[in-house]
>>> print(open('data_37.txt').read())   # compact mmCIF, C-alpha atoms and all ligand atoms
# COMPACT_ATOMS: atom_id res chain seq x y z
CA MET A 3 0.00 0.00 0.00
CA GLY A 4 1.42 3.39 -0.93
CA THR A 5 1.61 6.20 1.60
CA SER A 6 -1.30 8.13 0.14
CA MET A 7 -3.43 4.99 0.22
CA ILE A 8 -2.61 4.52 3.91
CA GLU A 9 -3.48 8.16 4.56
CA THR A 10 -6.76 7.73 2.72
CA GLU A 11 -7.57 4.72 4.86
CA LYS A 12 -6.70 6.63 8.03
CA ALA A 13 -8.94 9.50 6.96
CA TRP A 14 -11.74 7.04 6.26
CA ALA A 15 -11.25 5.34 9.65
CA ALA A 16 -11.28 8.69 11.47
CA GLY A 17 -14.49 9.71 9.71
CA PHE A 18 -16.05 6.37 10.58
CA PHE A 19 -15.03 6.76 14.21
CA ASP A 20 -16.31 10.37 14.22
CA GLY A 21 -19.75 9.12 13.26
CA GLU A 22 -19.98 5.78 15.01
CA GLY A 23 -17.37 5.48 17.74
CA SER A 24 -16.69 6.67 21.24
CA THR A 25 -13.91 6.87 23.82
CA PHE A 26 -14.82 6.46 27.46
CA VAL A 27 -13.54 5.62 30.93
CA ARG A 28 -14.56 2.17 32.08
CA HIS A 29 -14.72 1.24 35.75
CA THR A 30 -14.88 -2.46 36.43
CA LYS A 31 -15.31 -3.88 39.90
CA ARG A 32 -14.47 -7.37 38.76
CA HIS A 33 -11.53 -7.56 36.41
CA ARG A 34 -9.99 -11.02 36.22
CA GLY A 35 -6.22 -10.84 36.85
CA GLY A 36 -4.07 -12.45 34.17
CA THR A 37 -1.55 -14.17 36.44
CA THR A 38 -3.49 -14.46 39.69
CA GLY A 39 -6.92 -15.31 38.31
CA LYS A 40 -8.39 -13.12 41.05
CA ASP A 41 -10.85 -10.30 40.51
CA TYR A 42 -9.81 -6.73 41.22
CA PRO A 43 -11.25 -3.26 40.47
CA LEU A 44 -9.90 -1.50 37.43
CA THR A 45 -10.29 1.87 35.78
CA THR A 46 -9.32 2.01 32.18
CA VAL A 47 -9.99 3.64 28.84
CA GLU A 48 -11.92 1.96 26.09
CA MET A 49 -12.87 2.85 22.57
CA SER A 50 -15.66 1.10 20.77
CA ILE A 51 -17.75 1.05 17.64
CA ALA A 52 -20.97 -0.96 17.34
CA GLN A 53 -22.22 -1.91 13.91
CA VAL A 54 -24.85 -4.18 12.38
CA ARG A 55 -22.51 -5.08 9.50
CA ILE A 56 -19.09 -6.50 10.25
CA GLU A 57 -17.27 -5.32 7.08
CA PRO A 58 -16.59 -1.70 8.10
CA LEU A 59 -15.33 -2.93 11.48
CA ARG A 60 -12.88 -5.26 9.73
CA ARG A 61 -11.69 -2.42 7.53
CA PHE A 62 -11.34 -0.14 10.56
CA HIS A 63 -9.47 -2.82 12.48
CA SER A 64 -7.01 -3.29 9.63
CA VAL A 65 -6.26 0.45 9.62
CA VAL A 66 -5.73 0.88 13.37
CA GLY A 67 -4.14 -2.53 13.91
CA VAL A 68 -5.40 -3.07 17.47
CA GLY A 69 -8.53 -3.97 19.41
CA LYS A 70 -10.85 -6.85 18.63
CA ILE A 71 -14.15 -7.48 17.01
CA GLY A 72 -16.79 -9.43 18.92
CA GLY A 73 -20.31 -10.56 18.16
CA PRO A 74 -22.85 -10.92 16.85
CA TYR A 75 -24.49 -9.76 20.07
CA LYS A 76 -28.23 -10.07 20.34
CA PRO A 77 -29.87 -7.18 22.19
CA LYS A 78 -33.37 -7.54 23.69
CA LYS A 79 -34.57 -4.99 21.18
CA GLY A 80 -33.21 -4.25 17.74
CA GLN A 81 -30.89 -6.04 15.39
CA PRO A 82 -27.88 -8.21 16.29
CA TYR A 83 -24.68 -6.22 16.09
CA PHE A 84 -20.89 -6.56 16.08
CA LYS A 85 -18.54 -4.49 18.16
CA TRP A 86 -14.92 -3.42 17.76
CA ASN A 87 -13.24 -2.29 20.95
CA THR A 88 -9.92 -1.60 22.61
CA ALA A 89 -9.40 -2.46 26.26
CA GLY A 90 -6.77 -0.31 27.88
CA ARG A 91 -4.36 2.56 27.58
CA PRO A 92 -1.75 1.38 25.07
CA SER A 93 -4.22 0.25 22.41
CA SER A 94 -6.53 3.26 22.85
CA HIS A 95 -3.54 5.60 22.71
CA GLN A 96 -2.36 3.92 19.53
CA VAL A 97 -5.74 4.34 17.84
CA LEU A 98 -6.05 7.98 18.88
CA THR A 99 -2.57 8.95 17.72
CA THR A 100 -3.01 7.08 14.44
CA LEU A 101 -6.26 8.88 13.65
CA TRP A 102 -5.73 12.18 15.48
CA GLN A 103 -4.91 14.40 12.51
CA TYR A 104 -8.11 13.33 10.75
CA LEU A 105 -10.35 13.09 13.78
CA GLY A 106 -13.04 15.75 14.23
CA GLN A 107 -12.92 18.16 17.15
CA PRO A 108 -15.79 16.53 19.13
CA LYS A 109 -14.01 13.15 19.26
CA ARG A 110 -10.71 14.81 20.09
CA GLU A 111 -12.37 16.66 22.95
CA GLN A 112 -14.04 13.47 24.13
CA ALA A 113 -10.64 11.71 24.23
CA ALA A 114 -9.01 14.66 26.00
CA LYS A 115 -11.78 14.58 28.61
CA VAL A 116 -11.22 10.88 29.20
CA TRP A 117 -7.47 11.49 29.56
CA LYS A 118 -8.11 14.23 32.06
CA GLU A 119 -10.41 12.00 34.07
CA LEU A 120 -7.82 9.20 34.13
CA GLN A 121 -5.16 11.70 35.17
CA GLN A 122 -7.35 12.77 38.10
CA LEU A 123 -8.01 9.16 39.13
CA LYS A 124 -4.30 8.37 39.06
CA THR A 125 -2.83 6.46 41.99
CA ASN A 126 0.68 5.15 42.60
CA LYS A 127 -0.35 1.83 41.13
CA SER A 128 -1.83 3.27 37.94
CA PRO A 129 -0.08 2.29 34.74
CA VAL A 130 1.54 5.06 32.72
CA LEU A 131 -0.83 7.17 30.66
CA PRO A 132 0.95 8.16 27.46
CA MET A 133 0.29 11.73 26.33
CA LEU A 134 -2.29 12.52 23.68
CA PRO A 135 -1.40 14.89 20.87
CA ILE A 136 -2.07 18.50 21.86
CA LEU A 137 -5.71 19.42 21.61
CA VAL A 138 -5.99 22.60 19.62
CA THR A 139 -8.82 24.65 21.05
CA ASP A 140 -9.58 28.36 21.00
CA GLU A 141 -7.48 28.48 24.12
CA HIS A 142 -4.50 27.41 22.04
CA LYS A 143 -5.20 29.80 19.20
CA LYS A 144 -3.66 32.58 21.13
CA LYS A 145 -0.21 34.08 20.75
CA TRP A 146 2.18 32.65 23.31
CA LEU A 147 5.67 33.29 24.59
CA GLY A 148 8.16 30.43 24.76
CA VAL A 149 10.68 30.53 27.58
CA ASP A 150 13.58 28.09 27.62
CA PHE A 151 14.19 26.31 30.92
CA ASP A 152 17.87 25.43 31.41
CA GLY A 153 20.12 28.46 31.34
CA THR A 154 17.20 30.84 30.81
CA LEU A 155 14.69 30.37 33.63
CA ALA A 156 16.84 28.10 35.80
CA THR A 157 20.62 28.04 36.12
CA TRP A 158 22.42 25.37 34.15
CA GLY A 159 24.80 24.61 37.02
CA CYS A 160 22.98 21.41 37.97
CA ASN A 161 24.07 17.82 37.45
CA TRP A 162 21.50 17.08 34.75
CA LEU A 163 23.86 14.85 32.79
CA GLY A 164 24.28 12.64 35.85
CA ASP A 165 20.63 12.78 36.92
CA TYR A 166 17.75 13.93 34.73
CA HIS A 167 15.78 14.94 37.86
CA ALA A 168 18.31 17.71 38.55
CA THR A 169 17.16 21.30 38.09
CA GLY A 170 18.96 24.60 38.60
CA GLN A 171 18.21 27.63 40.73
CA PRO A 172 15.72 30.26 39.56
CA ILE A 173 17.26 33.15 37.63
CA PRO A 174 15.58 36.18 39.31
CA ARG A 175 15.67 38.52 36.33
CA MET A 176 13.88 35.99 34.10
CA VAL A 177 11.55 34.77 36.85
CA ASP A 178 10.42 38.36 37.48
CA ARG A 179 9.85 38.87 33.76
CA VAL A 180 7.70 35.71 33.55
CA LYS A 181 5.66 36.75 36.61
CA LYS A 182 5.08 40.16 35.07
CA TRP A 183 3.93 38.61 31.78
CA ILE A 184 1.55 36.28 33.59
CA ALA A 185 0.15 39.23 35.56
CA GLU A 186 -0.41 41.02 32.24
CA GLY A 187 -2.38 38.05 30.92
CA GLU A 188 0.24 36.63 28.55
CA ASP A 189 0.24 32.94 27.65
CA VAL A 190 3.72 31.88 28.75
CA ARG A 191 4.98 28.36 28.11
CA ILE A 192 8.21 26.64 28.96
CA PHE A 193 9.88 25.66 25.71
CA THR A 194 12.51 23.04 26.45
CA ALA A 195 14.46 20.20 24.88
CA ARG A 196 13.87 18.25 28.11
CA MET A 197 10.55 17.26 26.56
CA ASP A 198 12.39 15.54 23.74
CA GLY A 199 12.18 12.15 25.47
CA TYR A 200 15.91 11.53 25.19
CA HIS A 201 18.59 11.97 27.82
CA PRO A 202 22.29 11.66 26.82
CA THR A 203 23.17 9.16 29.58
CA ALA A 204 19.88 7.74 30.89
CA GLY A 205 18.41 7.22 27.40
CA HIS A 206 14.63 7.33 27.12
CA VAL A 207 12.94 9.62 29.62
CA PRO A 208 9.22 9.89 28.86
CA ALA A 209 7.90 13.41 28.33
CA HIS A 210 5.42 13.09 31.21
CA VAL A 211 8.33 12.44 33.59
CA SER A 212 10.22 15.52 32.40
CA ARG A 213 7.03 17.57 32.56
CA GLN A 214 6.45 16.56 36.19
CA ILE A 215 10.00 17.62 37.14
CA ILE A 216 9.52 21.04 35.57
CA GLU A 217 6.03 21.47 37.00
CA ASP A 218 7.39 20.78 40.49
CA TRP A 219 10.09 23.37 39.88
CA CYS A 220 7.50 25.92 38.68
CA LEU A 221 5.31 25.41 41.72
CA LYS A 222 8.26 25.80 44.06
CA HIS A 223 9.88 28.83 42.43
CA LEU A 224 7.09 30.63 40.58
CA GLY A 225 4.10 29.64 42.67
CA PHE A 226 2.19 28.47 39.57
CA ILE A 227 2.61 25.86 36.87
CA LEU A 228 3.33 26.79 33.28
CA PRO A 229 2.55 24.56 30.29
CA VAL A 230 5.66 22.71 29.11
CA THR A 231 6.35 21.92 25.48
CA ASN A 232 9.10 21.41 22.94
CA ARG A 233 6.79 22.25 20.09
CA LYS A 234 6.69 25.51 18.21
CA ASP A 235 3.60 26.46 16.26
CA TYR A 236 2.16 29.35 14.27
CA PHE A 237 0.93 31.07 17.44
CA CYS A 238 4.34 31.26 19.09
CA LYS A 239 5.14 34.98 19.00
CA ALA A 240 8.56 35.03 20.63
CA ILE A 241 11.17 32.70 22.10
CA TYR A 242 13.51 33.53 24.96
CA ASP A 243 16.47 31.19 24.95
CA ASP A 244 20.12 31.39 26.01
CA ARG A 245 21.18 29.56 22.85
CA ALA A 246 19.28 31.74 20.39
CA TYR A 247 20.58 34.32 17.97
CA ARG A 248 18.22 36.85 16.55
CA VAL A 249 17.98 36.80 12.77
CA GLU A 250 16.40 39.76 11.02
CA LYS A 251 13.23 38.78 9.21
CA ASP A 252 13.67 38.17 5.46
CA THR A 253 17.32 39.30 5.32
CA GLY A 254 19.37 36.67 7.17
CA ARG A 255 21.24 39.42 9.01
CA LEU A 256 22.18 38.71 12.63
CA LEU A 257 20.82 41.57 14.68
CA GLY A 258 23.36 43.18 16.95
CA GLU A 259 26.23 41.29 15.39
CA GLU A 260 26.72 42.34 11.77
MG MG B 301 18.97 26.67 27.50
>>> encode(input="data_37.txt", output="structure tokens")
Amino acid sequence: MGTSMIETEKAWAAGFFDGEGSTFVRHTKRHRGGTTGKDYPLTTVEMSIAQVRIEPLRRFHSVVGVGKIGGPYKPKKGQPYFKWNTAGRPSSHQVLTTLWQYLGQPKREQAAKVWKELQQLKTNKSPVLPMLPILVTDEHKKKWLGVDFDGTLATWGCNWLGDYHATGQPIPRMVDRVKKWIAEGEDVRIFTARMDGYHPTAGHVPAHVSRQIIEDWCLKHLGFILPVTNRKDYFCKAIYDDRAYRVEKDTGRLLGEE
């Protein structure tokens, strides 16, 4: 299958899910444990599509690659139906990220709501909840300021190479600037390579782990938590970074240097 064919199939699958599917939190009191065989309560995320005909479910399944199709189920009223569903975080996350760019806003919002609910129900024993793609809402269609973390907002004199939990001390001049911007109603976000998912000595460090470290730092030194990203978009109006040079628009000239 060529790339465009795959994209067409993804777009079809997203449209099908938009019309027929849903993402929801499922609470089960009696979930049978795989190794113990005992029942225990479980909170998880599921996605499902019910359909009288099995063919579109098979096509959908072949696009997303996960979940299973069950049925026919015979309801008390109405026609027998088949159902595709995922059962859990990894498979639901895979489906959502596969279809995300083609998914309509209502289904994206539904998924984001489910993610938020799972985040709030989180306990120490909860499995990791991988991040969803950023939900673009009107809230996000606002100009924002990106502020680098290491060397810009916090000093770089920490042992980050030895321990990715390490963070530096607040840099007062920058911290004051950020507080002033927030007071003025600016959308300020931390723009950092820490969210890259890769650490030079530890290897893979999931973005949610890095985010937590920076959020803890924010709470301690700013008194509030800023969004953390490594992604630039159209709405980013300025970047403050100790590694940046300023290039004059449309000329390539380095401002202040040439
Ligand atoms: Mg830096």
>>> residues_near_ligand(input="data_37.txt", ligand="ligand MG 301 (chain B)", cutoff="6 Å", atoms="only C-alpha atoms and all ligand atoms", output="PyMOL selection string")
chain A and resi 150-154+243-245
>>> atom_distance(input="data_37.txt", atom1="atom CA of Gly148 of chain A", atom2="atom CA of Ile173 of chain A")
16.0 Å
>>> residues_around(input="data_37.txt", residues="Cys238 of chain A", least_positions_apart="4", cutoff="10 Å", atoms="only C-alpha atoms", output="JSON, numbers by chain")
{"A": [143, 144, 145, 146, 147, 148, 189, 190, 191, 233, 234]}
>>> closest_residue(input="data_37.txt", among="A:Ile71, A:Cys160, A:Ile215, A:Ala16", to="Gln107 of chain A", atoms="all atoms listed in the file")
A:Ala16
>>> residues_around(input="data_37.txt", residues="segment 51-64 of chain A", least_positions_apart="3", cutoff="9 Å", atoms="all atoms listed in the file", output="count of residues only")
24
>>> residues_around(input="data_37.txt", residues="Glu217 of chain A", least_positions_apart="2", cutoff="9 Å", atoms="only C-alpha atoms", output="ChimeraX atom specification")
/A:212-215,219-222,226-230
>>> atom_distance(input="data_37.txt", atom1="atom CA of Leu105 of chain A", atom2="atom CA of Val27 of chain A")
19.0 Å
>>> atom_distance(input="data_37.txt", atom1="atom CA of Thr99 of chain A", atom2="atom CA of Thr45 of chain A")
20.9 Å
>>> closest_residue(input="data_37.txt", among="A:Lys76, A:Gly164, A:Pro208, A:Phe237", to="Val138 of chain A", atoms="only C-alpha atoms")
A:Phe237
>>> residues_near_point(input="data_37.txt", point="(-17.3, -3.1, 38.8)", cutoff="12 Å", atoms="all atoms listed in the file", output="ChimeraX atom specification")
/A:28-34,41-46
>>> axis_aligned_box(input="data_37.txt", around="segment 239-250 of chain A", padding_each_side="6 Å", output="lines of an AutoDock Vina configuration file")
center_x = 13.2
center_y = 34.7
center_z = 18.5
size_x = 28.0
size_y = 22.2
size_z = 27.0
>>> residues_around(input="data_37.txt", residues="Gln96 of chain A", least_positions_apart="5", cutoff="12 Å", atoms="all atoms listed in the file", output="ChimeraX atom specification")
/A:48-49,65-69,88-91,101-102,131-135
>>> residues_around(input="data_37.txt", residues="Val177 of chain A", least_positions_apart="5", cutoff="9 Å", atoms="all atoms listed in the file", output="VMD selection string")
chain A and resid 155 to 156 172 182 223 to 224
>>> closest_residue(input="data_37.txt", among="A:Ala114, A:Val130, A:Val47, A:Val180", to="Ser94 of chain A", atoms="all atoms listed in the file")
A:Val47
